[in-house]
$ cat my_file.txt   # compact mmCIF, N, CA and C atoms
# COMPACT_ATOMS: atom_id res chain seq x y z
N MET A 128 -33.85 9.32 -34.81
CA MET A 128 -32.62 9.10 -34.08
C MET A 128 -31.47 9.73 -34.88
N SER A 129 -30.67 10.53 -34.23
CA SER A 129 -29.58 11.20 -34.92
C SER A 129 -28.47 10.20 -35.27
N PRO A 130 -27.67 10.52 -36.32
CA PRO A 130 -26.59 9.60 -36.69
C PRO A 130 -25.63 9.32 -35.54
N SER A 131 -25.36 10.32 -34.69
CA SER A 131 -24.42 10.10 -33.58
C SER A 131 -24.97 9.10 -32.57
N ARG A 132 -26.28 9.02 -32.46
CA ARG A 132 -26.88 8.04 -31.55
C ARG A 132 -27.13 6.70 -32.24
N ARG A 133 -27.34 6.74 -33.53
CA ARG A 133 -27.65 5.52 -34.28
C ARG A 133 -26.43 4.61 -34.39
N PHE A 134 -25.24 5.16 -34.61
CA PHE A 134 -24.08 4.31 -34.82
C PHE A 134 -23.71 3.45 -33.61
N PRO A 135 -23.75 3.98 -32.38
CA PRO A 135 -23.47 3.07 -31.25
C PRO A 135 -24.45 1.90 -31.18
N VAL A 136 -25.70 2.14 -31.51
CA VAL A 136 -26.68 1.05 -31.52
C VAL A 136 -26.31 0.03 -32.59
N LEU A 137 -25.93 0.52 -33.76
CA LEU A 137 -25.50 -0.38 -34.84
C LEU A 137 -24.25 -1.16 -34.43
N ALA A 138 -23.30 -0.48 -33.78
CA ALA A 138 -22.08 -1.15 -33.33
C ALA A 138 -22.39 -2.24 -32.32
N LEU A 139 -23.30 -1.98 -31.40
CA LEU A 139 -23.69 -3.00 -30.43
C LEU A 139 -24.36 -4.18 -31.13
N ILE A 140 -25.21 -3.89 -32.09
CA ILE A 140 -25.87 -4.97 -32.85
C ILE A 140 -24.83 -5.81 -33.58
N ILE A 141 -23.85 -5.15 -34.19
CA ILE A 141 -22.78 -5.88 -34.88
C ILE A 141 -22.05 -6.79 -33.90
N ASP A 142 -21.69 -6.27 -32.73
CA ASP A 142 -21.00 -7.09 -31.72
C ASP A 142 -21.84 -8.29 -31.31
N VAL A 143 -23.12 -8.07 -31.03
CA VAL A 143 -23.99 -9.17 -30.60
C VAL A 143 -24.12 -10.21 -31.70
N VAL A 144 -24.33 -9.75 -32.92
CA VAL A 144 -24.45 -10.69 -34.05
C VAL A 144 -23.16 -11.51 -34.19
N LEU A 145 -22.02 -10.87 -34.05
CA LEU A 145 -20.75 -11.59 -34.18
C LEU A 145 -20.54 -12.60 -33.05
N VAL A 146 -20.99 -12.29 -31.86
CA VAL A 146 -20.91 -13.26 -30.76
C VAL A 146 -21.82 -14.45 -31.06
N VAL A 147 -22.99 -14.20 -31.60
CA VAL A 147 -23.89 -15.30 -31.96
C VAL A 147 -23.30 -16.12 -33.11
N VAL A 148 -22.68 -15.45 -34.07
CA VAL A 148 -22.00 -16.15 -35.18
C VAL A 148 -20.89 -17.04 -34.62
N PHE A 149 -20.12 -16.52 -33.68
CA PHE A 149 -19.07 -17.30 -33.02
C PHE A 149 -19.66 -18.57 -32.40
N ALA A 150 -20.76 -18.42 -31.67
CA ALA A 150 -21.40 -19.58 -31.04
C ALA A 150 -21.94 -20.55 -32.09
N ALA A 151 -22.52 -20.01 -33.15
CA ALA A 151 -23.07 -20.87 -34.22
C ALA A 151 -21.97 -21.66 -34.92
N ILE A 152 -20.85 -21.01 -35.19
CA ILE A 152 -19.71 -21.71 -35.82
C ILE A 152 -19.24 -22.84 -34.91
N GLY A 153 -19.12 -22.56 -33.63
CA GLY A 153 -18.70 -23.60 -32.69
C GLY A 153 -19.66 -24.77 -32.65
N ARG A 154 -20.95 -24.46 -32.62
CA ARG A 154 -21.95 -25.53 -32.59
C ARG A 154 -21.93 -26.33 -33.89
N ALA A 155 -21.79 -25.65 -35.01
CA ALA A 155 -21.75 -26.34 -36.30
C ALA A 155 -20.54 -27.24 -36.40
N THR A 156 -19.43 -26.77 -35.85
CA THR A 156 -18.18 -27.53 -35.92
C THR A 156 -18.22 -28.76 -35.02
N HIS A 157 -18.80 -28.62 -33.83
CA HIS A 157 -18.71 -29.71 -32.84
C HIS A 157 -19.98 -30.51 -32.68
N ASP A 158 -21.12 -29.90 -32.93
CA ASP A 158 -22.38 -30.58 -32.70
C ASP A 158 -23.09 -30.91 -34.01
N GLY A 159 -22.86 -30.11 -35.02
CA GLY A 159 -23.52 -30.31 -36.30
C GLY A 159 -24.92 -29.72 -36.34
N ASP A 160 -25.52 -29.51 -35.19
CA ASP A 160 -26.85 -28.93 -35.10
C ASP A 160 -26.71 -27.53 -34.51
N VAL A 161 -26.71 -26.52 -35.36
CA VAL A 161 -26.44 -25.15 -34.91
C VAL A 161 -27.48 -24.68 -33.91
N LEU A 162 -28.75 -24.87 -34.23
CA LEU A 162 -29.81 -24.30 -33.38
C LEU A 162 -30.16 -25.17 -32.18
N GLY A 163 -30.12 -26.47 -32.35
CA GLY A 163 -30.60 -27.34 -31.28
C GLY A 163 -32.12 -27.28 -31.23
N PRO A 164 -32.73 -27.96 -30.27
CA PRO A 164 -34.19 -27.98 -30.19
C PRO A 164 -34.75 -26.57 -29.92
N PHE A 165 -35.56 -26.08 -30.84
CA PHE A 165 -36.21 -24.77 -30.72
C PHE A 165 -35.21 -23.63 -30.53
N GLY A 166 -33.99 -23.79 -31.02
CA GLY A 166 -32.97 -22.76 -30.90
C GLY A 166 -32.29 -22.72 -29.55
N SER A 167 -32.67 -23.64 -28.66
CA SER A 167 -32.11 -23.61 -27.30
C SER A 167 -30.62 -23.92 -27.27
N GLY A 168 -30.15 -24.72 -28.20
CA GLY A 168 -28.72 -25.05 -28.21
C GLY A 168 -27.87 -23.84 -28.50
N LEU A 169 -28.24 -23.07 -29.51
CA LEU A 169 -27.50 -21.86 -29.83
C LEU A 169 -27.59 -20.85 -28.69
N ALA A 170 -28.76 -20.71 -28.13
CA ALA A 170 -28.94 -19.78 -27.01
C ALA A 170 -28.09 -20.18 -25.81
N THR A 171 -28.04 -21.47 -25.52
CA THR A 171 -27.24 -21.96 -24.40
C THR A 171 -25.75 -21.69 -24.61
N THR A 172 -25.30 -21.86 -25.84
CA THR A 172 -23.90 -21.63 -26.16
C THR A 172 -23.56 -20.14 -26.18
N ALA A 173 -24.46 -19.32 -26.68
CA ALA A 173 -24.16 -17.89 -26.88
C ALA A 173 -24.36 -17.03 -25.64
N TRP A 174 -25.29 -17.36 -24.76
CA TRP A 174 -25.66 -16.43 -23.70
C TRP A 174 -24.50 -15.99 -22.81
N PRO A 175 -23.57 -16.88 -22.40
CA PRO A 175 -22.51 -16.38 -21.51
C PRO A 175 -21.67 -15.27 -22.17
N PHE A 176 -21.42 -15.43 -23.44
CA PHE A 176 -20.60 -14.44 -24.15
C PHE A 176 -21.40 -13.18 -24.48
N ALA A 177 -22.69 -13.33 -24.74
CA ALA A 177 -23.53 -12.17 -25.00
C ALA A 177 -23.68 -11.32 -23.73
N VAL A 178 -23.89 -11.96 -22.60
CA VAL A 178 -23.97 -11.23 -21.33
C VAL A 178 -22.64 -10.55 -21.03
N ALA A 179 -21.54 -11.27 -21.23
CA ALA A 179 -20.22 -10.70 -20.99
C ALA A 179 -19.95 -9.52 -21.92
N LEU A 180 -20.39 -9.63 -23.16
CA LEU A 180 -20.24 -8.53 -24.12
C LEU A 180 -20.97 -7.29 -23.61
N LEU A 181 -22.19 -7.45 -23.13
CA LEU A 181 -22.96 -6.31 -22.62
C LEU A 181 -22.28 -5.69 -21.40
N VAL A 182 -21.73 -6.53 -20.54
CA VAL A 182 -20.98 -6.01 -19.39
C VAL A 182 -19.76 -5.23 -19.89
N GLY A 183 -19.09 -5.76 -20.90
CA GLY A 183 -17.95 -5.07 -21.49
C GLY A 183 -18.33 -3.71 -22.06
N TRP A 184 -19.48 -3.65 -22.71
CA TRP A 184 -19.96 -2.38 -23.25
C TRP A 184 -20.22 -1.39 -22.13
N LEU A 185 -20.85 -1.84 -21.07
CA LEU A 185 -21.13 -0.95 -19.93
C LEU A 185 -19.85 -0.52 -19.23
N ALA A 186 -18.95 -1.45 -18.99
CA ALA A 186 -17.71 -1.14 -18.28
C ALA A 186 -16.83 -0.15 -19.04
N THR A 187 -16.84 -0.24 -20.35
CA THR A 187 -15.98 0.63 -21.16
C THR A 187 -16.70 1.86 -21.70
N ARG A 188 -18.01 1.91 -21.46
CA ARG A 188 -18.84 2.98 -22.06
C ARG A 188 -18.61 3.02 -23.56
N ALA A 189 -18.72 1.86 -24.15
CA ALA A 189 -18.39 1.66 -25.57
C ALA A 189 -19.20 2.56 -26.50
N TRP A 190 -20.36 2.99 -26.07
CA TRP A 190 -21.19 3.84 -26.92
C TRP A 190 -20.52 5.18 -27.22
N ARG A 191 -19.53 5.56 -26.41
CA ARG A 191 -18.84 6.83 -26.64
C ARG A 191 -17.90 6.77 -27.83
N ARG A 192 -17.21 5.65 -27.99
CA ARG A 192 -16.27 5.44 -29.09
C ARG A 192 -16.39 4.00 -29.57
N PRO A 193 -17.51 3.65 -30.18
CA PRO A 193 -17.77 2.24 -30.48
C PRO A 193 -16.80 1.60 -31.47
N VAL A 194 -16.13 2.40 -32.31
CA VAL A 194 -15.25 1.84 -33.34
C VAL A 194 -13.78 1.89 -32.92
N ALA A 195 -13.47 2.49 -31.80
CA ALA A 195 -12.08 2.58 -31.34
C ALA A 195 -11.55 1.18 -31.02
N VAL A 196 -10.51 0.78 -31.73
CA VAL A 196 -9.98 -0.57 -31.56
C VAL A 196 -9.33 -0.73 -30.19
N VAL A 197 -8.49 0.22 -29.80
CA VAL A 197 -7.72 0.09 -28.56
C VAL A 197 -8.56 0.46 -27.34
N LYS A 198 -9.18 1.62 -27.35
CA LYS A 198 -9.91 2.10 -26.17
C LYS A 198 -11.22 1.37 -25.92
N THR A 199 -11.84 0.86 -26.95
CA THR A 199 -13.11 0.15 -26.79
C THR A 199 -12.98 -1.33 -27.14
N GLY A 200 -12.47 -1.62 -28.32
CA GLY A 200 -12.43 -3.00 -28.79
C GLY A 200 -11.65 -3.95 -27.90
N LEU A 201 -10.44 -3.55 -27.52
CA LEU A 201 -9.61 -4.44 -26.69
C LEU A 201 -10.26 -4.77 -25.34
N PRO A 202 -10.72 -3.75 -24.58
CA PRO A 202 -11.35 -4.13 -23.31
C PRO A 202 -12.67 -4.87 -23.48
N VAL A 203 -13.47 -4.52 -24.48
CA VAL A 203 -14.72 -5.25 -24.70
C VAL A 203 -14.40 -6.70 -25.03
N TRP A 204 -13.42 -6.92 -25.87
CA TRP A 204 -13.01 -8.29 -26.22
C TRP A 204 -12.52 -9.05 -24.99
N ALA A 205 -11.64 -8.42 -24.20
CA ALA A 205 -11.08 -9.09 -23.02
C ALA A 205 -12.17 -9.46 -22.02
N ILE A 206 -13.09 -8.56 -21.78
CA ILE A 206 -14.19 -8.83 -20.85
C ILE A 206 -15.10 -9.91 -21.41
N THR A 207 -15.38 -9.86 -22.70
CA THR A 207 -16.24 -10.86 -23.33
C THR A 207 -15.64 -12.25 -23.17
N VAL A 208 -14.35 -12.38 -23.39
CA VAL A 208 -13.70 -13.69 -23.27
C VAL A 208 -13.64 -14.13 -21.81
N ALA A 209 -13.10 -13.29 -20.94
CA ALA A 209 -12.89 -13.68 -19.54
C ALA A 209 -14.21 -13.95 -18.81
N LEU A 210 -15.12 -13.01 -18.86
CA LEU A 210 -16.39 -13.18 -18.17
C LEU A 210 -17.24 -14.25 -18.86
N GLY A 211 -17.17 -14.31 -20.18
CA GLY A 211 -17.90 -15.35 -20.91
C GLY A 211 -17.47 -16.75 -20.47
N MET A 212 -16.16 -16.94 -20.32
CA MET A 212 -15.65 -18.25 -19.87
C MET A 212 -16.09 -18.54 -18.44
N LEU A 213 -16.05 -17.51 -17.59
CA LEU A 213 -16.47 -17.70 -16.20
C LEU A 213 -17.96 -18.08 -16.14
N LEU A 214 -18.79 -17.36 -16.86
CA LEU A 214 -20.22 -17.67 -16.89
C LEU A 214 -20.48 -19.05 -17.48
N ARG A 215 -19.72 -19.38 -18.49
CA ARG A 215 -19.85 -20.70 -19.12
C ARG A 215 -19.50 -21.80 -18.11
N ALA A 216 -18.42 -21.61 -17.37
CA ALA A 216 -18.02 -22.60 -16.36
C ALA A 216 -19.06 -22.69 -15.25
N LEU A 217 -19.55 -21.53 -14.78
CA LEU A 217 -20.54 -21.53 -13.70
C LEU A 217 -21.85 -22.18 -14.12
N SER A 218 -22.15 -22.17 -15.41
CA SER A 218 -23.38 -22.78 -15.90
C SER A 218 -23.19 -24.24 -16.29
N GLY A 219 -22.00 -24.79 -16.02
CA GLY A 219 -21.77 -26.20 -16.26
C GLY A 219 -21.37 -26.55 -17.68
N GLN A 220 -21.01 -25.54 -18.46
CA GLN A 220 -20.55 -25.79 -19.83
C GLN A 220 -19.04 -25.93 -19.82
N GLY A 221 -18.50 -26.58 -20.83
CA GLY A 221 -17.07 -26.86 -20.88
C GLY A 221 -16.22 -25.62 -21.15
N VAL A 222 -15.05 -25.62 -20.54
CA VAL A 222 -14.07 -24.56 -20.75
C VAL A 222 -12.67 -25.18 -20.89
N ALA A 223 -12.55 -26.12 -21.78
CA ALA A 223 -11.26 -26.77 -22.02
C ALA A 223 -10.26 -25.74 -22.53
N VAL A 224 -8.99 -25.97 -22.26
CA VAL A 224 -7.94 -25.04 -22.66
C VAL A 224 -7.98 -24.77 -24.17
N ALA A 225 -8.17 -25.80 -24.96
CA ALA A 225 -8.24 -25.62 -26.41
C ALA A 225 -9.40 -24.69 -26.78
N PHE A 226 -10.53 -24.83 -26.12
CA PHE A 226 -11.68 -23.96 -26.39
C PHE A 226 -11.36 -22.52 -26.01
N ILE A 227 -10.72 -22.33 -24.89
CA ILE A 227 -10.35 -20.98 -24.44
C ILE A 227 -9.45 -20.32 -25.48
N ILE A 228 -8.48 -21.06 -25.99
CA ILE A 228 -7.56 -20.51 -26.99
C ILE A 228 -8.30 -20.15 -28.27
N VAL A 229 -9.10 -21.08 -28.77
CA VAL A 229 -9.84 -20.84 -30.02
C VAL A 229 -10.83 -19.69 -29.84
N ALA A 230 -11.54 -19.66 -28.73
CA ALA A 230 -12.52 -18.59 -28.49
C ALA A 230 -11.83 -17.23 -28.38
N THR A 231 -10.71 -17.19 -27.71
CA THR A 231 -9.96 -15.93 -27.55
C THR A 231 -9.53 -15.40 -28.91
N ILE A 232 -8.99 -16.26 -29.74
CA ILE A 232 -8.53 -15.83 -31.06
C ILE A 232 -9.71 -15.46 -31.96
N THR A 233 -10.73 -16.30 -31.98
CA THR A 233 -11.89 -16.05 -32.85
C THR A 233 -12.61 -14.76 -32.47
N LEU A 234 -12.84 -14.56 -31.18
CA LEU A 234 -13.51 -13.34 -30.75
C LEU A 234 -12.64 -12.11 -30.99
N ALA A 235 -11.32 -12.25 -30.91
CA ALA A 235 -10.44 -11.12 -31.25
C ALA A 235 -10.59 -10.75 -32.71
N VAL A 236 -10.56 -11.75 -33.57
CA VAL A 236 -10.71 -11.49 -35.01
C VAL A 236 -12.05 -10.82 -35.29
N LEU A 237 -13.11 -11.31 -34.66
CA LEU A 237 -14.44 -10.77 -34.93
C LEU A 237 -14.64 -9.38 -34.31
N LEU A 238 -14.40 -9.26 -33.00
CA LEU A 238 -14.71 -8.01 -32.30
C LEU A 238 -13.71 -6.89 -32.59
N LEU A 239 -12.47 -7.24 -32.82
CA LEU A 239 -11.47 -6.22 -33.16
C LEU A 239 -11.41 -5.99 -34.66
N GLY A 240 -11.61 -7.07 -35.42
CA GLY A 240 -11.50 -6.99 -36.87
C GLY A 240 -12.49 -6.03 -37.51
N TRP A 241 -13.75 -6.11 -37.13
CA TRP A 241 -14.73 -5.22 -37.76
C TRP A 241 -14.45 -3.76 -37.41
N ARG A 242 -13.95 -3.54 -36.20
CA ARG A 242 -13.62 -2.16 -35.80
C ARG A 242 -12.44 -1.63 -36.62
N ALA A 243 -11.44 -2.47 -36.83
CA ALA A 243 -10.28 -2.05 -37.63
C ALA A 243 -10.70 -1.75 -39.07
N ILE A 244 -11.55 -2.59 -39.62
CA ILE A 244 -12.03 -2.36 -40.98
C ILE A 244 -12.85 -1.07 -41.05
N ALA A 245 -13.71 -0.85 -40.07
CA ALA A 245 -14.52 0.38 -40.05
C ALA A 245 -13.64 1.62 -39.93
N ARG A 246 -12.60 1.55 -39.11
CA ARG A 246 -11.69 2.69 -38.96
C ARG A 246 -10.96 2.97 -40.27
N LEU A 247 -10.48 1.91 -40.92
CA LEU A 247 -9.79 2.10 -42.20
C LEU A 247 -10.73 2.67 -43.25
N ALA A 248 -11.95 2.17 -43.29
CA ALA A 248 -12.92 2.67 -44.27
C ALA A 248 -13.25 4.13 -44.01
N SER A 249 -13.37 4.50 -42.75
CA SER A 249 -13.68 5.90 -42.44
C SER A 249 -12.52 6.82 -42.78
N ARG A 250 -11.31 6.36 -42.58
CA ARG A 250 -10.12 7.15 -42.93
C ARG A 250 -10.00 7.31 -44.44
N SER A 251 -10.27 6.25 -45.19
CA SER A 251 -10.15 6.33 -46.64
C SER A 251 -11.24 7.22 -47.24
N ARG A 252 -12.40 7.29 -46.61
CA ARG A 252 -13.46 8.19 -47.07
C ARG A 252 -13.08 9.64 -46.84
N ARG A 253 -12.36 9.91 -45.76
CA ARG A 253 -11.95 11.27 -45.45
C ARG A 253 -10.81 11.74 -46.33
N ALA A 254 -10.03 10.80 -46.83
CA ALA A 254 -8.85 11.16 -47.63
C ALA A 254 -9.21 11.61 -49.03

$ encode --input "my_file.txt" --output "C-alpha cells"
Amino acid sequence: MSPSRRFPVLALIIDVVLVVVFAAIGRATHDGDVLGPFGSGLATTAWPFAVALLVGWLATRAWRRPVAVVKTGLPVWAITVALGMLLRALSGQGVAVAFIIVATITLAVLLLGWRAIARLASRSRRA
C-alpha cells in the first residue's frame, strides 16, 4: 500500500479509536464499568458515534484530506456529534443537554486536536 493510500486509513483508525476512547471515558466516569458484560456496554455507548463518524467521512470524502482541520475535521466532527446524538436518541440512550455539551467539546478536542497537532508537526518537519 502506497504512503498516500496508507495515511487516510491511519487517519480513519485514529478517528475511530478516539471515538471509542470518548465512549470509554464516559462509561468510566458514569458507570465505572468501561466494558460492561462481554464489552457490550462500551459497544452500546460507542456505536452511534462510530456510525456517525463513518457517515462524516463519507460525506466529506475525508480520505482526500484527512488531516485538514477546517475542510475535513470540522464537518466530520459536526456530523459525528449531530448524527451520533440522533442515533443515540433513536436507540433509547440518553441525550441530556449536559451530555450534548460535554460530548461536543470532548469530540472537538479529540477529532480536531489530533489533526491540528499533525498539521503542526508536518509543517515543522518541512521547515

$ residues_around --input "my_file.txt" --residues "Met212 (chain A)" --least-positions-apart "2" --cutoff "8 Å" --atoms "all atoms listed in the file" --output "count of residues only"
16

$ closest_residue --input "my_file.txt" --among "A:Gly211, A:Gly240, A:Gly166, A:Gly153" --to "Leu181 (chain A)" --atoms "only C-alpha atoms"
A:Gly211

$ residues_around --input "my_file.txt" --residues "Ala150 (chain A)" --least-positions-apart "5" --cutoff "6.5 Å" --atoms "only N, CA and C atoms" --output "list of chain:residue names"
A:Leu145, A:Ala155, A:Leu169, A:Thr172, A:Ala173

$ write_last_selection --input "my_file.txt" --atoms "N, CA and C atoms" --output "short mmCIF file (atom, residue, chain, number, x, y, z; two decimals), in the coordinates of the input"
data_model
loop_
_atom_site.label_atom_id
_atom_site.label_comp_id
_atom_site.auth_asym_id
_atom_site.auth_seq_id
_atom_site.Cartn_x
_atom_site.Cartn_y
_atom_site.Cartn_z
N LEU A 145 -22.02 -10.87 -34.05
CA LEU A 145 -20.75 -11.59 -34.18
C LEU A 145 -20.54 -12.60 -33.05
N ALA A 155 -21.79 -25.65 -35.01
CA ALA A 155 -21.75 -26.34 -36.30
C ALA A 155 -20.54 -27.24 -36.40
N LEU A 169 -28.24 -23.07 -29.51
CA LEU A 169 -27.50 -21.86 -29.83
C LEU A 169 -27.59 -20.85 -28.69
N THR A 172 -25.30 -21.86 -25.84
CA THR A 172 -23.90 -21.63 -26.16
C THR A 172 -23.56 -20.14 -26.18
N ALA A 173 -24.46 -19.32 -26.68
CA ALA A 173 -24.16 -17.89 -26.88
C ALA A 173 -24.36 -17.03 -25.64
#

$ atom_distance --input "my_file.txt" --atom1 "CA of Arg242 (chain A)" --atom2 "CA of Val147 (chain A)"
17.1 Å

$ axis_aligned_box --input "my_file.txt" --around "region 148-151 of chain A" --padding-each-side "5 Å" --output "lines of an AutoDock Vina configuration file"
center_x = -21.1
center_y = -18.6
center_z = -33.1
size_x = 14.0
size_y = 16.2
size_z = 14.1

$ atom_distance --input "my_file.txt" --atom1 "CA of Trp190 (chain A)" --atom2 "CA of Pro135 (chain A)"
5.0 Å
